[in-house]
Amino acid sequence: MSIKHLALTLLVRYNNHMTTLTIRIDEVLKGKAFKQAEKLGIPLTLIVKNALRNFVASGKVVIGEPETIKVTPSIQKKMDKIGDLLSKK
């Protein structure tokens, strides 16, 4: 079974110069993303631009769901101790 892909053309702004970025994504994914963006009242292009800006600023990319770390009282105590040591410098 083949997956249909759809080319999504986005305008990316860098300093006052605009360029076109064309990416191929799954048609179903694009539809779901478009609906989510529509619910927020923002264009899908804005979401992709923001993701690119975050990537450039941080040099990091998160693929999948970020992990949730449970901070136990023991861990919190150690973190507080480290924080105290760092604030003394």
# chains A, B, ... in the order shown; residues from 1 in each chain; ligands from 1
>>> residues_around(residues="Val62 in chain A", least_positions_apart="5", cutoff="12 Å", atoms="only C-alpha atoms", output="compact mmCIF listing (two decimals) with C-alpha atoms, in the first residue's frame")
# COMPACT_ATOMS: atom_id res chain seq x y z
CA ALA A 51 9.38 25.26 14.65
CA LEU A 52 12.22 26.30 12.32
CA ASN A 54 13.12 27.26 17.59
CA PHE A 55 15.43 24.78 15.88
CA GLU A 67 9.78 12.57 28.53
>>> select_by_dssp(residues="range 34-64 of chain A", states="helix (DSSP H, G or I)", output="ChimeraX atom specification")
/A:34-40,44-58
>>> atom_distance(atom1="CA of Leu21 in chain A", atom2="CA of Leu46 in chain A")
13.1 Å
>>> select_by_dssp(residues="range 5-76 of chain A", states="strand (DSSP E)", output="list in words")
His5, Leu6, Ala7, Leu8, Thr9, Leu10, Leu11, Val12, Arg13, Tyr14, His17, Met18, Thr19, Thr20, Leu21, Thr22, Ile23, Arg24, Ile25 and Asp26 of chain A
>>> closest_residue(among="A:Ile63, A:Met18, A:Leu85, A:Ala33", to="Val48 in chain A", atoms="only C-alpha atoms")
A:Ala33
>>> closest_residue(among="A:Thr45, A:Leu40, A:Gly59, A:Lys35", to="Ile23 in chain A", atoms="only C-alpha atoms")
A:Thr45
>>> atom_distance(atom1="CA of Glu65 in chain A", atom2="CA of Ala37 in chain A")
18.8 Å
